[in-house]
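This is structure-v7.cif (mmCIF, C-alpha atoms).
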data_coords
loop_
_atom_site.group_PDB
_atom_site.id
_atom_site.type_symbol
_atom_site.label_atom_id
_atom_site.label_comp_id
_atom_site.auth_asym_id
_atom_site.auth_seq_id
_atom_site.Cartn_x
_atom_site.Cartn_y
_atom_site.Cartn_z
ATOM 1 C CA MET A 174 0.000 0.000 0.000
ATOM 2 C CA SER A 175 1.457 3.336 -1.035
ATOM 3 C CA ALA A 176 1.732 6.220 1.397
ATOM 4 C CA SER A 177 -0.885 8.238 -0.449
ATOM 5 C CA SER A 178 -3.487 5.458 -0.358
ATOM 6 C CA ALA A 179 -2.762 4.860 3.360
ATOM 7 C CA VAL A 180 -3.426 8.546 3.992
ATOM 8 C CA SER A 181 -6.616 8.454 1.954
ATOM 9 C CA ASP A 182 -7.759 5.347 3.863
ATOM 10 C CA ALA A 183 -7.300 7.127 7.180
ATOM 11 C CA TRP A 184 -9.141 10.143 5.821
ATOM 12 C CA GLN A 185 -11.912 7.814 4.707
ATOM 13 C CA ARG A 186 -12.253 6.422 8.191
ATOM 14 C CA GLN A 187 -12.185 9.875 9.739
ATOM 15 C CA TRP A 188 -14.870 10.973 7.308
ATOM 16 C CA ALA A 189 -16.897 7.881 8.178
ATOM 17 C CA ARG A 190 -16.542 8.663 11.884
ATOM 18 C CA ARG A 191 -17.709 12.231 11.322
ATOM 19 C CA GLY A 192 -20.634 11.042 9.228
ATOM 20 C CA LEU A 193 -21.710 8.509 11.837
ATOM 21 C CA ALA A 194 -21.364 11.139 14.581
ATOM 22 C CA ALA A 195 -23.663 13.464 12.619
ATOM 23 C CA VAL A 196 -26.221 10.653 12.217
ATOM 24 C CA ALA A 197 -26.012 9.830 15.938
ATOM 25 C CA ALA A 198 -26.481 13.514 16.829
ATOM 26 C CA MET A 199 -29.654 13.708 14.730
ATOM 27 C CA VAL A 200 -31.011 10.517 16.308
ATOM 28 C CA ALA A 201 -30.227 11.902 19.781
ATOM 29 C CA LEU A 202 -32.186 15.059 18.909
ATOM 30 C CA SER A 203 -35.181 13.174 17.502
ATOM 31 C CA PRO A 204 -37.174 12.997 20.788
ATOM 32 C CA LEU A 205 -36.748 16.760 21.242
ATOM 33 C CA PHE A 206 -38.020 17.403 17.707
ATOM 34 C CA ALA A 207 -40.913 14.983 18.266
ATOM 35 C CA TRP A 208 -41.872 16.911 21.406
ATOM 36 C CA ALA A 209 -41.545 20.299 19.673
ATOM 37 C CA ALA A 210 -43.588 19.114 16.674
ATOM 38 C CA GLY A 211 -46.342 18.104 19.078
ATOM 39 C CA GLN A 212 -46.218 21.528 20.736
ATOM 40 C CA VAL A 213 -46.769 23.451 17.473
ATOM 41 C CA GLY A 214 -49.364 21.045 16.046
ATOM 42 C CA TYR A 215 -47.143 19.791 13.216
ATOM 43 C CA ALA A 216 -49.028 19.137 9.968
ATOM 44 C CA GLU A 217 -47.689 18.867 6.435
ATOM 45 C CA PRO A 218 -49.266 20.378 3.309
ATOM 46 C CA LEU A 219 -50.403 16.840 2.391
ATOM 47 C CA GLU A 220 -52.453 16.669 5.597
ATOM 48 C CA ASN A 221 -53.849 20.163 4.954
ATOM 49 C CA ALA A 222 -54.911 19.143 1.447
ATOM 50 C CA ALA A 223 -56.488 15.998 2.894
ATOM 51 C CA GLU A 224 -58.481 17.989 5.476
ATOM 52 C CA HIS A 225 -59.616 20.316 2.690
ATOM 53 C CA THR A 226 -61.122 17.535 0.600
ATOM 54 C CA GLY A 227 -62.285 15.008 3.198
ATOM 55 C CA ALA A 228 -59.574 12.492 2.339
ATOM 56 C CA PRO A 229 -58.882 11.302 5.938
ATOM 57 C CA ALA A 230 -62.159 9.303 5.791
ATOM 58 C CA HIS A 231 -60.561 7.244 2.983
ATOM 59 C CA ALA A 232 -57.312 6.493 4.833
ATOM 60 C CA VAL A 233 -56.674 2.834 5.559
ATOM 61 C CA THR A 234 -53.807 1.107 7.335
ATOM 62 C CA TYR A 235 -52.654 -2.086 5.639
ATOM 63 C CA ASN A 236 -49.387 -2.064 7.536
ATOM 64 C CA ALA A 237 -48.774 -0.150 10.762
ATOM 65 C CA GLY A 238 -45.219 -1.468 10.926
ATOM 66 C CA LEU A 239 -43.332 -3.041 13.821
ATOM 67 C CA LEU A 240 -42.556 0.459 15.093
ATOM 68 C CA PRO A 241 -45.748 2.378 14.189
ATOM 69 C CA ASP A 242 -45.124 6.064 13.512
ATOM 70 C CA TYR A 243 -41.626 5.819 15.051
ATOM 71 C CA THR A 244 -42.816 4.554 18.426
ATOM 72 C CA VAL A 245 -42.371 1.316 20.329
ATOM 73 C CA PRO A 246 -45.810 0.079 21.396
ATOM 74 C CA GLY A 247 -46.188 0.077 25.174
ATOM 75 C CA ILE A 248 -43.264 2.295 26.095
ATOM 76 C CA ASP A 249 -42.770 6.028 26.557
ATOM 77 C CA PRO A 250 -43.205 7.709 23.132
ATOM 78 C CA PHE A 251 -40.006 9.751 23.383
ATOM 79 C CA VAL A 252 -37.927 6.701 24.309
ATOM 80 C CA GLY A 253 -39.726 4.945 21.447
ATOM 81 C CA THR A 254 -38.715 7.740 19.066
ATOM 82 C CA LEU A 255 -35.091 7.409 20.129
ATOM 83 C CA LEU A 256 -35.139 3.616 19.703
ATOM 84 C CA SER A 257 -36.879 4.007 16.323
ATOM 85 C CA GLY A 258 -34.111 6.357 15.244
ATOM 86 C CA VAL A 259 -31.437 3.874 16.283
ATOM 87 C CA VAL A 260 -33.175 0.936 14.576
ATOM 88 C CA GLY A 261 -34.065 2.911 11.439
ATOM 89 C CA THR A 262 -30.613 4.390 10.850
ATOM 90 C CA ALA A 263 -28.857 1.075 11.572
ATOM 91 C CA LEU A 264 -31.213 -0.816 9.253
ATOM 92 C CA THR A 265 -30.805 1.794 6.490
ATOM 93 C CA LEU A 266 -27.014 1.654 6.825
ATOM 94 C CA VAL A 267 -26.923 -2.153 6.610
ATOM 95 C CA VAL A 268 -29.396 -2.429 3.714
ATOM 96 C CA VAL A 269 -27.752 0.308 1.621
ATOM 97 C CA VAL A 270 -24.214 -1.002 2.178
ATOM 98 C CA ALA A 271 -25.398 -4.508 1.202
ATOM 99 C CA MET A 272 -27.139 -3.109 -1.883
ATOM 100 C CA ALA A 273 -24.052 -1.104 -2.850
ATOM 101 C CA ARG A 274 -21.759 -4.140 -2.472
ATOM 102 C CA LEU A 275 -24.113 -6.215 -4.640
ATOM 103 C CA LEU A 276 -24.213 -3.538 -7.339
ATOM 104 C CA ALA A 277 -20.437 -3.093 -7.223
ATOM 105 C CA GLU A 278 -19.791 -6.752 -7.979
ATOM 106 C CA MET B 148 -45.057 14.110 1.942
ATOM 107 C CA HIS B 149 -45.553 10.396 2.669
ATOM 108 C CA ILE B 150 -48.921 9.367 1.205
ATOM 109 C CA PRO B 151 -50.862 6.820 3.324
ATOM 110 C CA ASP B 152 -52.850 3.911 1.913
ATOM 111 C CA GLY B 153 -56.352 4.738 0.691
ATOM 112 C CA TYR B 154 -55.445 8.208 -0.606
ATOM 113 C CA LEU B 155 -54.710 7.234 -4.219
ATOM 114 C CA ASP B 156 -56.957 5.518 -6.734
ATOM 115 C CA LEU B 157 -55.563 2.091 -7.576
ATOM 116 C CA TRP B 158 -54.712 2.938 -11.192
ATOM 117 C CA VAL B 159 -52.744 6.003 -10.034
ATOM 118 C CA ALA B 160 -50.798 3.881 -7.536
ATOM 119 C CA VAL B 161 -50.105 1.214 -10.177
ATOM 120 C CA VAL B 162 -48.901 3.706 -12.804
ATOM 121 C CA CYS B 163 -46.631 5.356 -10.223
ATOM 122 C CA ALA B 164 -45.255 1.970 -9.097
ATOM 123 C CA LEU B 165 -44.432 1.011 -12.698
ATOM 124 C CA LEU B 166 -42.702 4.354 -13.304
ATOM 125 C CA ALA B 167 -40.768 4.025 -10.038
ATOM 126 C CA ILE B 168 -39.684 0.429 -10.716
ATOM 127 C CA GLY B 169 -38.650 1.296 -14.272
ATOM 128 C CA THR B 170 -36.573 4.264 -13.158
ATOM 129 C CA LEU B 171 -34.904 2.366 -10.312
ATOM 130 C CA ALA B 172 -34.013 -0.527 -12.648
ATOM 131 C CA PHE B 173 -32.432 2.019 -14.979
ATOM 132 C CA ALA B 174 -30.670 3.649 -12.021
ATOM 133 C CA ALA B 175 -29.321 0.285 -10.818
ATOM 134 C CA ARG B 176 -27.878 -0.464 -14.272
ATOM 135 C CA ARG B 177 -26.272 2.959 -14.537
ATOM 136 C CA ALA B 178 -25.058 2.908 -10.929
ATOM 137 C CA ASP B 179 -23.334 -0.406 -11.587
ATOM 138 C CA SER B 180 -20.564 1.291 -13.543
ATOM 139 C CA GLU B 181 -19.942 4.157 -11.101
ATOM 140 C CA LEU B 182 -19.866 2.039 -7.980
ATOM 141 C CA THR B 183 -16.851 0.523 -6.261
ATOM 142 C CA ASP B 184 -16.731 -1.448 -3.017
ATOM 143 C CA ALA B 185 -14.927 1.454 -1.356
ATOM 144 C CA LYS B 186 -17.900 3.727 -1.966
ATOM 145 C CA ALA B 187 -20.406 1.426 -0.217
ATOM 146 C CA PRO B 188 -19.851 2.847 3.307
ATOM 147 C CA VAL B 189 -20.289 6.399 1.968
ATOM 148 C CA LEU B 190 -23.660 5.447 0.494
ATOM 149 C CA GLY B 191 -24.696 3.758 3.732
ATOM 150 C CA ILE B 192 -23.813 6.749 5.883
ATOM 151 C CA VAL B 193 -25.544 9.220 3.549
ATOM 152 C CA ALA B 194 -28.702 7.067 3.497
ATOM 153 C CA ALA B 195 -28.667 6.641 7.293
ATOM 154 C CA GLY B 196 -28.259 10.418 7.554
ATOM 155 C CA LEU B 197 -31.298 10.941 5.316
ATOM 156 C CA PHE B 198 -33.335 8.581 7.488
ATOM 157 C CA ALA B 199 -32.320 10.449 10.651
ATOM 158 C CA ALA B 200 -32.875 13.895 9.093
ATOM 159 C CA GLN B 201 -36.348 12.869 7.931
ATOM 160 C CA MET B 202 -37.309 12.088 11.531
ATOM 161 C CA LEU B 203 -36.734 15.713 12.514
ATOM 162 C CA ASN B 204 -40.034 17.508 11.855
ATOM 163 C CA TRP B 205 -39.400 21.252 11.799
ATOM 164 C CA PRO B 206 -41.423 22.806 14.646
ATOM 165 C CA ILE B 207 -42.815 25.803 12.766
ATOM 166 C CA PRO B 208 -45.542 27.571 14.783
ATOM 167 C CA GLY B 209 -48.874 27.662 12.972
ATOM 168 C CA GLY B 210 -48.947 24.030 11.995
ATOM 169 C CA THR B 211 -47.918 23.779 8.358
ATOM 170 C CA SER B 212 -44.443 22.393 8.295
ATOM 171 C CA ALA B 213 -42.312 19.640 6.821
ATOM 172 C CA HIS B 214 -39.048 17.808 7.286
ATOM 173 C CA PHE B 215 -35.899 17.484 5.207
ATOM 174 C CA VAL B 216 -36.256 14.860 2.476
ATOM 175 C CA GLY B 217 -32.836 15.138 0.886
ATOM 176 C CA GLY B 218 -33.473 13.791 -2.601
ATOM 177 C CA ALA B 219 -31.568 16.599 -4.292
ATOM 178 C CA PHE B 220 -28.869 16.441 -1.627
ATOM 179 C CA ALA B 221 -28.330 12.722 -2.289
ATOM 180 C CA ALA B 222 -28.269 13.370 -6.047
ATOM 181 C CA ILE B 223 -25.597 16.065 -5.792
ATOM 182 C CA LEU B 224 -23.492 14.030 -3.383
ATOM 183 C CA LEU B 225 -23.784 10.562 -4.956
ATOM 184 C CA GLY B 226 -24.957 11.238 -8.494
ATOM 185 C CA PRO B 227 -28.615 10.861 -9.445
ATOM 186 C CA HIS B 228 -28.680 7.077 -9.924
ATOM 187 C CA LEU B 229 -27.085 6.138 -6.609
ATOM 188 C CA GLY B 230 -29.026 8.985 -4.969
ATOM 189 C CA ALA B 231 -32.319 7.580 -6.259
ATOM 190 C CA LEU B 232 -31.470 4.082 -4.978
ATOM 191 C CA CYS B 233 -30.523 5.431 -1.527
ATOM 192 C CA VAL B 234 -33.668 7.559 -1.102
ATOM 193 C CA ALA B 235 -35.830 4.700 -2.406
ATOM 194 C CA THR B 236 -34.348 2.423 0.271
ATOM 195 C CA VAL B 237 -35.081 4.996 2.989
ATOM 196 C CA VAL B 238 -38.692 5.487 1.802
ATOM 197 C CA THR B 239 -39.229 1.707 1.606
ATOM 198 C CA ILE B 240 -37.896 1.090 5.137
ATOM 199 C CA GLN B 241 -40.095 3.931 6.421
ATOM 200 C CA ALA B 242 -43.179 2.297 4.896
ATOM 201 C CA LEU B 243 -42.405 -1.308 5.884
ATOM 202 C CA VAL B 244 -41.058 -0.865 9.417
ATOM 203 C CA PHE B 245 -42.582 2.414 10.604
ATOM 204 C CA GLY B 246 -45.872 2.611 8.685
ATOM 205 C CA ASP B 247 -44.768 6.028 7.366
ATOM 206 C CA GLY B 248 -46.358 6.021 3.916
ATOM 207 C CA GLY B 249 -48.604 3.189 2.698
ATOM 208 C CA LEU B 250 -47.848 -0.109 0.988
ATOM 209 C CA VAL B 251 -50.097 0.121 -2.092
ATOM 210 C CA VAL B 252 -48.898 3.704 -2.599
ATOM 211 C CA LEU B 253 -45.218 2.907 -1.948
ATOM 212 C CA GLY B 254 -44.442 3.302 -5.644
ATOM 213 C CA ALA B 255 -45.951 6.791 -5.608
ATOM 214 C CA ASN B 256 -43.939 7.828 -2.554
ATOM 215 C CA VAL B 257 -40.766 6.443 -4.127
ATOM 216 C CA LEU B 258 -41.605 8.240 -7.388
ATOM 217 C CA ASN B 259 -42.134 11.606 -5.663
ATOM 218 C CA MET B 260 -39.189 11.592 -3.269
ATOM 219 C CA ALA B 261 -36.646 9.179 -4.760
ATOM 220 C CA VAL B 262 -37.197 9.825 -8.481
ATOM 221 C CA VAL B 263 -38.720 13.266 -9.137
ATOM 222 C CA GLU B 264 -36.971 15.128 -6.325
ATOM 223 C CA VAL B 265 -33.689 13.382 -7.082
ATOM 224 C CA TYR B 266 -33.572 13.799 -10.871
ATOM 225 C CA VAL B 267 -35.193 17.250 -11.020
ATOM 226 C CA GLY B 268 -32.931 18.434 -8.201
ATOM 227 C CA TYR B 269 -29.906 17.045 -10.002
ATOM 228 C CA ALA B 270 -30.869 18.662 -13.314
ATOM 229 C CA ILE B 271 -31.244 22.050 -11.598
ATOM 230 C CA TYR B 272 -27.916 21.594 -9.843
ATOM 231 C CA ARG B 273 -26.152 20.752 -13.099
ATOM 232 C CA ALA B 274 -27.765 23.691 -14.886
ATOM 233 C CA LEU B 275 -26.567 26.212 -12.293
ATOM 234 C CA ALA B 276 -23.376 24.665 -10.885
ATOM 235 C CA GLY B 277 -21.183 26.318 -13.485
ATOM 236 C CA ARG B 278 -22.110 29.742 -12.156
ATOM 237 C CA ASN B 279 -22.299 29.184 -8.411
ATOM 238 C CA GLU B 280 -22.290 25.777 -6.732
ATOM 239 C CA PHE B 281 -23.776 27.026 -3.460
ATOM 240 C CA VAL B 282 -26.718 28.685 -5.247
ATOM 241 C CA ALA B 283 -27.053 25.598 -7.458
ATOM 242 C CA ALA B 284 -27.320 23.289 -4.411
ATOM 243 C CA PHE B 285 -29.846 25.627 -2.791
ATOM 244 C CA ALA B 286 -32.033 25.780 -5.904
ATOM 245 C CA ALA B 287 -31.774 21.999 -6.343
ATOM 246 C CA GLY B 288 -33.071 21.313 -2.829
ATOM 247 C CA TRP B 289 -35.708 24.037 -3.035
ATOM 248 C CA LEU B 290 -37.163 23.269 -6.465
ATOM 249 C CA GLY B 291 -36.502 19.528 -6.289
ATOM 250 C CA ILE B 292 -38.794 19.128 -3.277
ATOM 251 C CA THR B 293 -41.340 21.454 -4.882
ATOM 252 C CA ALA B 294 -41.362 19.265 -8.006
ATOM 253 C CA GLY B 295 -41.843 16.161 -5.840
ATOM 254 C CA ALA B 296 -44.717 17.884 -4.003
ATOM 255 C CA LEU B 297 -46.391 18.876 -7.289
ATOM 256 C CA THR B 298 -46.139 15.278 -8.489
ATOM 257 C CA ALA B 299 -47.777 14.157 -5.245
ATOM 258 C CA GLY B 300 -50.419 16.866 -5.689
ATOM 259 C CA LEU B 301 -51.146 15.538 -9.188
ATOM 260 C CA GLN B 302 -51.556 11.968 -7.897
ATOM 261 C CA LEU B 303 -53.840 13.095 -5.053
ATOM 262 C CA GLY B 304 -55.911 15.347 -7.306
ATOM 263 C CA LEU B 305 -56.568 12.464 -9.701
ATOM 264 C CA SER B 306 -57.932 10.346 -6.831
ATOM 265 C CA GLU B 307 -61.399 9.939 -5.370
ATOM 266 C CA ALA B 308 -60.267 10.457 -1.749
ATOM 267 C CA PHE B 309 -59.384 14.040 -2.703
ATOM 268 C CA ALA B 310 -62.686 14.461 -4.600
ATOM 269 C CA TYR B 311 -60.679 14.917 -7.829
ATOM 270 C CA GLU B 312 -59.949 18.495 -6.700
ATOM 271 C CA LEU B 313 -56.785 18.721 -8.750
ATOM 272 C CA LEU B 314 -56.392 22.498 -8.485
ATOM 273 C CA THR B 315 -56.753 22.354 -4.694
ATOM 274 C CA THR B 316 -54.231 19.556 -4.232
ATOM 275 C CA LEU B 317 -51.727 21.067 -6.679
ATOM 276 C CA SER B 318 -51.926 24.513 -5.086
ATOM 277 C CA ILE B 319 -51.759 23.343 -1.457
ATOM 278 C CA MET B 320 -48.900 20.918 -2.150
ATOM 279 C CA GLY B 321 -47.079 23.197 -4.593
ATOM 280 C CA ILE B 322 -47.290 26.450 -2.668
ATOM 281 C CA GLY B 323 -46.777 24.757 0.706
ATOM 282 C CA HIS B 324 -43.569 23.057 -0.354
ATOM 283 C CA LEU B 325 -42.387 26.020 -2.431
ATOM 284 C CA VAL B 326 -42.306 28.011 0.826
ATOM 285 C CA LEU B 327 -41.085 25.186 3.088
ATOM 286 C CA GLY B 328 -38.628 24.138 0.397
ATOM 287 C CA LEU B 329 -36.563 27.234 1.159
ATOM 288 C CA ILE B 330 -35.459 25.390 4.316
ATOM 289 C CA GLU B 331 -34.749 22.213 2.313
ATOM 290 C CA GLY B 332 -32.659 24.318 -0.081
ATOM 291 C CA GLY B 333 -30.801 26.011 2.773
ATOM 292 C CA ILE B 334 -29.898 22.712 4.444
ATOM 293 C CA THR B 335 -28.900 21.203 1.082
ATOM 294 C CA ALA B 336 -26.579 24.115 0.291
ATOM 295 C CA VAL B 337 -24.979 24.392 3.737
ATOM 296 C CA VAL B 338 -24.322 20.661 4.188
ATOM 297 C CA TYR B 339 -23.188 20.412 0.549
ATOM 298 C CA ARG B 340 -20.657 23.211 1.175
ATOM 299 C CA TYR B 341 -19.362 21.445 4.288
ATOM 300 C CA VAL B 342 -18.999 18.047 2.589
ATOM 301 C CA ALA B 343 -17.539 19.556 -0.581
ATOM 302 C CA ASP B 344 -14.814 21.232 1.472
ATOM 303 C CA ALA B 345 -14.068 18.027 3.381
ATOM 304 C CA ARG B 346 -14.274 15.539 0.502
ATOM 305 C CA PRO B 347 -14.085 17.113 -2.966
ATOM 306 C CA ASP B 348 -13.234 13.662 -4.354
ATOM 307 C CA LEU B 349 -16.725 12.403 -3.486
ATOM 308 C CA PHE B 350 -18.415 14.440 -6.145
ATOM 309 C CA PRO B 351 -19.125 12.660 -9.393
ATOM 310 C CA THR B 352 -19.744 15.950 -11.142
ATOM 311 C CA THR B 353 -16.588 17.819 -10.248
ATOM 312 C CA PRO B 354 -13.386 17.211 -12.153
ATOM 313 C CA ASP B 355 -10.803 14.962 -10.529
ATOM 314 C CA LEU B 356 -9.077 17.195 -8.030
ATOM 315 C CA GLU B 357 -6.570 14.677 -6.761
ATOM 316 C CA VAL B 358 -2.946 15.406 -7.416
ATOM 317 C CA HIS B 359 -1.350 12.439 -9.086
ATOM 318 C CA ALA B 360 2.138 12.234 -7.674
#

Translate the structure of the given file into structure tokens.
Amino acid sequence: MSASSAVSDAWQRQWARRGLAAVAAMVALSPLFAWAAGQVGYAEPLENAAEHTGAPAHAVTYNAGLLPDYTVPGIDPFVGTLLSGVVGTALTLVVVVAMARLLAE
Amino acid sequence: MHIPDGYLDLWVAVVCALLAIGTLAFAARRADSELTDAKAPVLGIVAAGLFAAQMLNWPIPGGTSAHFVGGAFAAILLGPHLGALCVATVVTIQALVFGDGGLVVLGANVLNMAVVEVYVGYAIYRALAGRNEFVAAFAAGWLGITAGALTAGLQLGLSEAFAYELLTTLSIMGIGHLVLGLIEGGITAVVYRYVADARPDLFPTTPDLEVHA
């Protein structure tokens, strides 16, 4: 391994560490954002359009998911949000890396 | 912007799913040639970052708000094909594990956020990057999400649940995300600037900046 590729490898790992730290910071903040969104009555334009036209009466749930709406059933919603963030980011990381390795072959 | 089940007429959902699958198959073929094993962790971290960022709903007083989607950001950082595959993975995990966005309408959600926002955002970035990369990244995030929202508005307005009120759905989705998209554009530009300074070699669109000793 040449000196320049060793340096670029180290830089790669440092970049990876920084990236993972940024992801972890966002996950750590997720319960705070969930609380704040609740305080201001968070609603997206999609929900506004739905209210406008009576669409919510048509909504159905075919799949609530194992972690419905980023909560863990039966435990504190903010702890559930945090756990959902950990599970979701870890799962995304694993699936995308696996997909990328498959495509690279 | 995640559409739940029951909001789209079946034919709309099916057409969107076919368009999404077709585009992603094309993206996977194109991505094949630009992808090396060494780039896999970068993709994983960017996608995990998009998942985390999408959990952070902006607490804007008054109710109408949104969260970062990052389609244009992924496109600028990874190229449009890898960007589309990453955002599509995030949107799919959100629907399957967290019930965020429906199953029958998954193709529509992928089309809006992982195809339209990604490719429109990328086209805008490429059109403006020659003049000013920061402005180009901002416009890509801003108008990319607006394009995705208009596509969603079109799908909703063609569906019975929304009483076929196409003008209402297009205007609420379009104007809402045109305003909120300013935040998406700001985040896209600022984080782009930071990453571009740290890792200019990551960018598929910039010329090779490495010094070959």

message: Once the PyMOL selection byres ((chain B) within 7 of (chain A)) is applied to the coordinates I shared, what remains selected? I want it as an MDAnalysis selection string.
response: chainID B and resid 148 151:154 179 182:184 187:188 190:192 194:196 198:200 202:213 233 237 243:247 250 308:310 316 319:320 323

- request: Write out as number ranges by chain the residues lying within 10 Å of segment 169-176 of chain B, counting all atoms listed in the file and excluding same-chain residues fewer than 2 positions away.
  value: A: 272-273, 276; B: 163-167, 178-181, 227-232, 235, 257-258, 261-262

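Atom CA of Trp289 of chain B sits 10.5 Å away from atom CA of Phe215 of chain B.
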
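In this model, the gap between atom CA of Gly218 of chain B and atom CA of Ala296 of chain B comes to 12.0 Å.
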
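Atom pair atom CA of Tyr269 of chain B / atom CA of Gly226 of chain B has a distance of 7.8 Å (rounded to one decimal).
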
Show me, as JSON, the centre and edge lengths in Å to one decimal of the axis-aligned box that covers every listed atom of segment 263-277 of chain A with 8 Å on each side.
{"center_x": -25.8, "center_y": -2.2, "center_z": 2.1, "size_x": 26.8, "size_y": 24.0, "size_z": 34.9}

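Evaluated against this file, the PyMOL selection byres ((chain B and resi 328-335) around 8) yields His214, Phe215, Val216, Gly217, Ala219, Phe220, Ala284, Phe285, Ala286, Ala287, Gly288, Trp289, Leu290, Ile292, Thr293, His324, Leu325, Val326, Leu327, Ala336, Val337, Val338 and Tyr339 of chain B.
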